[in-house]
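> Supplied in structure tokens, the structure appears directly below.
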Amino acid sequence: MNSSAFLPPLPEGAERSVVIGRSPGFHLKPPPVPAGLRDFITSDAQLFETIHMGSVEVDAKRWRLQVDGLVRRPFSIGLDGLRQLPSVTVTAFHECFGSPLVPADGNLWRVGNVRWTGVPLAALLEQAQLEPGATHVWSDGLDSGEFGGRSMNRYRKDLPISKALSHEVLVAYEMNGAPLTRERGGPVRLIVPGWFGTNMTKWLCRLSVQGRRANSPFTTDWYNRDSEHEGKVIREPVWAVEPNSMITHPAPDDTISTDDVEVKGWAWSNNGIGGVALSADGGATWQEAEVRPRREFEWQQFAATLPLPRTPGPMSIVARARDADGSIQPLSGTRNTAHSVQINRLLPGPRTADTGT
């Protein structure tokens with residue numbers, strides 16, 4: 001690595017001086033409906049936006065990333081220095097978990113698929129030289145304000161060291177080949193492919209290696225969920241994405257007059273999709289779709305020609321994904337509930353013989 005790009009750590013609080021503007025308040029730009037997300041790469045215009053405490057305008061020329069904590073060689077690096085380092089581009093689905101203030105009992109399909117470019121976090125941690133006892137990397141953003149009735153001076157998340165050292169985790173400065181915009185967390189944000197977007201700190205200013213989880217409402221109070229292991233309920237952070245999918249064709253309320261229908265869509269999960277099953281008869285029978293293999297962390301297209309029941313009127317097509325470990329998408333009641341699309345079934349009319357007249 002180019003050691004000339006690195007400087008000693010910044011004085012405490014110095015990173016705040018690069019903020020030149022703020023737009024306070026929660027902001028959400030939802031994505032199009034699933035039928036509108038048929039492209040493999042999701043454009044900036046179609047990708048959802050979730051901002052908890054308002055967006056931040058950063059002076060990119062003065063911006064620096066501080067790396068400190070349980071490391072032998074703390075340092076800071078600017079945007080030009082970061083761009084001088086060997087870069088990596090990763091294609092990955094990008095999914096919002098949803099609001100941590102309401103129950104996660106319904107699917108939002110707030111997702112897209114994009115290409116991120118930046119420097120592997122592992123390379124920066126290698127430069128910093130981890131000390132014994134390092135278990136987590138805390139990531140701080142320059143955003144501050146109120147969320148959920150609480151006031152905070154920064155957005156803070158954490159990653160376990162095992163994930164932080166994974167080759168796919170990036171300190172990113174580009175999305176789909178263009179510099180990160182203010183709304184996307186530019187000039188630099190953290191990218192954690194396979195995990196929910198809440199872990200991908202925007203307006204990144206500090207990475208601090210620590211021996212425990214971060215002390216932030218966004219880690220201790222929000223973005224956690226209960227799961228059962230061996231009869232015990234355990235509170236776990238919202239990290240890895242479970243299997244999910246959505247149908248992009250046919251669109252809701254399409255009229256189908258043939259005996260079968262071409263079904264297409266996307267499926268995704270942290271560890272990849274092992275299969276997608278389709279049903280048009282309320283789950284009485286299921287047909288396996290063909291699923292495109294995953295190369296990186298992108299969403300995977302599924303497709304099948306699905307026979308339809310010989311019953312006219314409205315009917316629902318359901319897609320149900322399972323991941324590489326066999327975990328199956330639930331049919332109801334959870335944030336990754338299986339997607340169903342209602343279509344109108346029109347039976348083909350009877351064929352008439354050609355009389356030759």
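Here's how to read the names in the structure tokens: chain A, B, ... by the order shown, residue numbers from 1 in each chain, ligand numbers from 1 in the order shown.
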Tell me, as a PDB file with C-alpha atoms, in the first residue's frame, which residues lie within 9 Å of Leu28 of chain A, counting only C-alpha atoms; anything in the same chain fewer than 5 positions away does not count.


ATOM      1  CA  PHE A  48     -34.519   3.459  -2.412  1.00  0.00           C
ATOM      2  CA  GLU A  49     -33.090   6.023   0.030  1.00  0.00           C
ATOM      3  CA  THR A  50     -33.313   5.789   3.825  1.00  0.00           C
ATOM      4  CA  ILE A  51     -31.778   8.577   5.927  1.00  0.00           C
ATOM      5  CA  HIS A  52     -32.362   8.474   9.677  1.00  0.00           C
TER       6      HIS A  52
END

> List as number ranges by chain the protein and nucleic acid residues near segment 34-38 of chain A, meaning an atom at most 9 Å away when only C-alpha atoms are counted, but skip any in the same chain fewer than 5 places from it.

A: 46, 109, 112, 246-252, 264-266

> List as a ChimeraX atom specification the protein and nucleic acid residues near Arg295 of chain A, meaning an atom at most 12 Å away when only C-alpha atoms are counted, but skip any in the same chain fewer than 2 places from it.

/A:90-92,271-273,292-293,297-300

> Return the single residue from A:Gly81, A:Pro193, A:Pro132, A:Pro187 that is closest to Glu57 of chain A, with distances computed using only C-alpha atoms.

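Of A:Gly81, A:Pro193, A:Pro132, A:Pro187, the one nearest Glu57 of chain A, counting only C-alpha atoms, is A:Pro187.
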
> Which residues of segment 50-92 of chain A come within 12 Å of segment 168-186 of chain A, and what is each one's closest atom pair and distance in Å (one decimal), counting only C-alpha atoms, sorted by chain and residue number, as CSV?


residue,atom,partner,partner_atom,distance
A:Thr50,CA,A:Glu183,CA,8.9
A:Ile51,CA,A:Glu183,CA,8.1
A:His52,CA,A:Glu183,CA,11.6
A:Gly54,CA,A:Glu183,CA,9.3
A:Ser55,CA,A:Glu183,CA,6.4
A:Val56,CA,A:Arg182,CA,6.6
A:Glu57,CA,A:Arg182,CA,6.1
A:Val58,CA,A:Gly186,CA,7.6
A:Asp59,CA,A:Gly186,CA,10.0
A:Ala60,CA,A:Gly186,CA,8.4
A:Trp63,CA,A:Gly186,CA,10.3
A:Leu65,CA,A:Val171,CA,9.8
A:Val67,CA,A:Val171,CA,11.8
A:Ile77,CA,A:Val171,CA,11.6
A:Gly78,CA,A:Tyr173,CA,11.5
A:Leu79,CA,A:Tyr173,CA,8.4
A:Asp80,CA,A:Tyr173,CA,10.6
A:Gly81,CA,A:Tyr173,CA,11.9
A:Leu82,CA,A:Tyr173,CA,8.8
A:Arg83,CA,A:Tyr173,CA,8.3
A:Leu85,CA,A:Val171,CA,11.2
A:Pro86,CA,A:Leu170,CA,11.6
A:Ser87,CA,A:Ala172,CA,9.0
A:Val88,CA,A:Leu170,CA,7.9
A:Thr89,CA,A:Leu170,CA,8.8
A:Val90,CA,A:Glu168,CA,6.9
A:Thr91,CA,A:Asn176,CA,9.0
A:Ala92,CA,A:Glu168,CA,9.4

> Can you tell me, as a ChimeraX atom specification, which residues in segment 12-97 of chain A count as alpha helix (DSSP H) by DSSP?

/A:79-84

> Quick one: of A:Gly25, A:Pro74, A:Gly274, A:Gly148, who's nearest to Leu125 of chain A, counting only C-alpha atoms?

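Ranking A:Gly25, A:Pro74, A:Gly274, A:Gly148 by distance to Leu125 of chain A, first place goes to A:Pro74.
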
> Quick one, how far is atom CA of Asn244 of chain A from atom CA of Arg320 of chain A?

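Result for atom CA of Asn244 of chain A versus atom CA of Arg320 of chain A: 7.7 Å, one decimal.
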
> Hey, what does DSSP flag as strand (DSSP E or B) within segment 120-226 of chain A? Can you give it to me as a ChimeraX atom specification?

/A:120,130,136-141,145-147,150-152,156-160,170-175,178-179,189-191,195,204-210,224-226

> Neighbours of Val291 of chain A within 7 Å (only C-alpha atoms; same-chain residues fewer than 5 positions away dropped), as a PyMOL selection string?

chain A and resi 275+300-303

> Go ahead and write the residues just picked, N, CA, C and O atoms, as a CSV table (one decimal), in the first residue's frame.


chain,number,residue,atom,x,y,z
A,275,GLY,N,-32.6,-22.1,-4.3
A,275,GLY,CA,-33.8,-22.5,-5.2
A,275,GLY,C,-34.9,-21.5,-4.9
A,275,GLY,O,-35.0,-20.8,-3.9
A,300,GLN,N,-30.2,-12.7,-7.7
A,300,GLN,CA,-30.2,-13.8,-8.7
A,300,GLN,C,-31.6,-13.9,-9.4
A,300,GLN,O,-32.6,-13.9,-8.7
A,301,GLN,N,-31.6,-13.9,-10.7
A,301,GLN,CA,-32.8,-14.0,-11.4
A,301,GLN,C,-33.3,-15.4,-11.4
A,301,GLN,O,-32.6,-16.4,-11.5
A,302,PHE,N,-34.7,-15.6,-11.2
A,302,PHE,CA,-35.3,-16.9,-11.4
A,302,PHE,C,-36.4,-16.7,-12.5
A,302,PHE,O,-36.9,-15.6,-12.7
A,303,ALA,N,-36.6,-17.8,-13.1
A,303,ALA,CA,-37.6,-17.8,-14.2
A,303,ALA,C,-38.2,-19.2,-14.4
A,303,ALA,O,-37.5,-20.2,-14.2

> Identify, on the basis of only C-alpha atoms, every residue whose closest approach to Leu108 of chain A does not exceed 12 Å; exclude the query and any residue fewer than 5 positions from it along the same chain; express the result as a list in words.

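The filter keeps Pro30, Pro31, Pro32, Val33, Pro34, Phe48, Glu95, Cys96, Phe97, Gly98, Ser99, Asn244, Ser245, Met246, Thr334, Arg335, Asn336, Thr337, Ala338 and His339 of chain A.
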
> Go ahead and write the selection's residues with N, CA, C and O atoms as a compact mmCIF listing (two decimals), in the first residue's frame.


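In the end it all went to out-v8.txt:
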# COMPACT_ATOMS: atom_id res chain seq x y z
N PRO A 30 -39.05 5.62 -1.34
CA PRO A 30 -39.29 4.20 -1.60
C PRO A 30 -38.90 3.82 -3.02
O PRO A 30 -38.85 4.68 -3.91
N PRO A 31 -38.67 2.53 -3.26
CA PRO A 31 -38.37 2.07 -4.62
C PRO A 31 -39.64 1.92 -5.42
O PRO A 31 -40.75 2.02 -4.88
N PRO A 32 -39.52 1.67 -6.72
CA PRO A 32 -40.71 1.32 -7.49
C PRO A 32 -41.29 0.00 -6.98
O PRO A 32 -40.65 -0.74 -6.23
N VAL A 33 -42.51 -0.30 -7.40
CA VAL A 33 -43.09 -1.60 -7.09
C VAL A 33 -42.22 -2.67 -7.75
O VAL A 33 -41.49 -2.38 -8.70
N PRO A 34 -42.26 -3.93 -7.25
CA PRO A 34 -41.39 -4.97 -7.82
C PRO A 34 -41.43 -5.08 -9.34
O PRO A 34 -40.40 -5.30 -9.99
N PHE A 48 -33.92 2.82 -3.58
CA PHE A 48 -34.52 3.46 -2.41
C PHE A 48 -33.48 4.30 -1.65
O PHE A 48 -32.27 4.07 -1.76
N GLU A 95 -30.41 -3.93 0.56
CA GLU A 95 -31.76 -4.05 1.12
C GLU A 95 -31.89 -3.31 2.44
O GLU A 95 -31.03 -3.40 3.31
N CYS A 96 -33.00 -2.60 2.57
CA CYS A 96 -33.35 -1.92 3.82
C CYS A 96 -34.13 -2.88 4.72
O CYS A 96 -35.07 -3.54 4.25
N PHE A 97 -33.77 -2.95 5.99
CA PHE A 97 -34.49 -3.82 6.91
C PHE A 97 -35.89 -3.29 7.19
O PHE A 97 -36.81 -4.05 7.46
N GLY A 98 -36.05 -1.98 7.11
CA GLY A 98 -37.31 -1.36 7.51
C GLY A 98 -37.12 -0.59 8.80
O GLY A 98 -36.05 -0.61 9.41
N SER A 99 -38.14 0.09 9.24
CA SER A 99 -38.04 0.91 10.45
C SER A 99 -37.84 0.04 11.69
O SER A 99 -38.55 -0.95 11.90
N ASN A 244 -34.98 -13.93 0.51
CA ASN A 244 -36.09 -13.08 0.12
C ASN A 244 -36.22 -13.13 -1.40
O ASN A 244 -35.27 -13.53 -2.09
N SER A 245 -37.36 -12.73 -1.92
CA SER A 245 -37.56 -12.75 -3.37
C SER A 245 -38.72 -11.86 -3.73
O SER A 245 -39.52 -11.46 -2.87
N MET A 246 -38.82 -11.54 -5.02
CA MET A 246 -39.98 -10.80 -5.51
C MET A 246 -40.21 -11.14 -6.98
O MET A 246 -39.26 -11.42 -7.72
N THR A 334 -43.78 -12.10 8.43
CA THR A 334 -42.41 -11.66 8.72
C THR A 334 -41.97 -10.63 7.69
O THR A 334 -42.65 -10.41 6.68
N ARG A 335 -40.82 -10.02 7.93
CA ARG A 335 -40.31 -8.99 7.03
C ARG A 335 -39.87 -9.57 5.69
O ARG A 335 -39.71 -8.82 4.73
N ASN A 336 -39.67 -10.89 5.61
CA ASN A 336 -39.33 -11.51 4.33
C ASN A 336 -40.42 -12.47 3.87
O ASN A 336 -40.17 -13.51 3.26
N THR A 337 -41.66 -12.09 4.14
CA THR A 337 -42.81 -12.87 3.68
C THR A 337 -42.75 -13.07 2.16
O THR A 337 -42.41 -12.16 1.41
N ALA A 338 -43.11 -14.27 1.72
CA ALA A 338 -43.09 -14.59 0.30
C ALA A 338 -43.99 -13.65 -0.50
O ALA A 338 -45.05 -13.23 -0.04
N HIS A 339 -43.52 -13.31 -1.68
CA HIS A 339 -44.23 -12.37 -2.56
C HIS A 339 -45.30 -13.11 -3.35
O HIS A 339 -45.06 -14.19 -3.89

> Considering only C-alpha atoms, return as a short mmCIF file (atom, residue, chain, number, x, y, z; two decimals) with N, CA and C atoms, in the first residue's frame whatever protein or nucleic-acid residues lie within 8 Å of Ile41 of chain A, sequence-local ones (same chain, fewer than 4 positions apart) excluded.


data_model
loop_
_atom_site.label_atom_id
_atom_site.label_comp_id
_atom_site.auth_asym_id
_atom_site.auth_seq_id
_atom_site.Cartn_x
_atom_site.Cartn_y
_atom_site.Cartn_z
N GLY A 112 -32.53 -3.17 -4.04
CA GLY A 112 -32.00 -2.93 -5.37
C GLY A 112 -30.72 -3.72 -5.54
N ASN A 113 -30.07 -3.55 -6.66
CA ASN A 113 -28.84 -4.28 -6.96
C ASN A 113 -27.87 -3.31 -7.64
N VAL A 114 -26.72 -3.06 -7.01
CA VAL A 114 -25.82 -2.02 -7.51
C VAL A 114 -24.37 -2.48 -7.50
N ARG A 115 -23.52 -1.68 -8.16
CA ARG A 115 -22.08 -1.94 -8.17
C ARG A 115 -21.39 -0.88 -7.32
#

> Counting only C-alpha atoms, which of A:Ala128, A:Val341, A:Ala122, A:Cys205 gets nearest to Ser17 of chain A?

A:Cys205
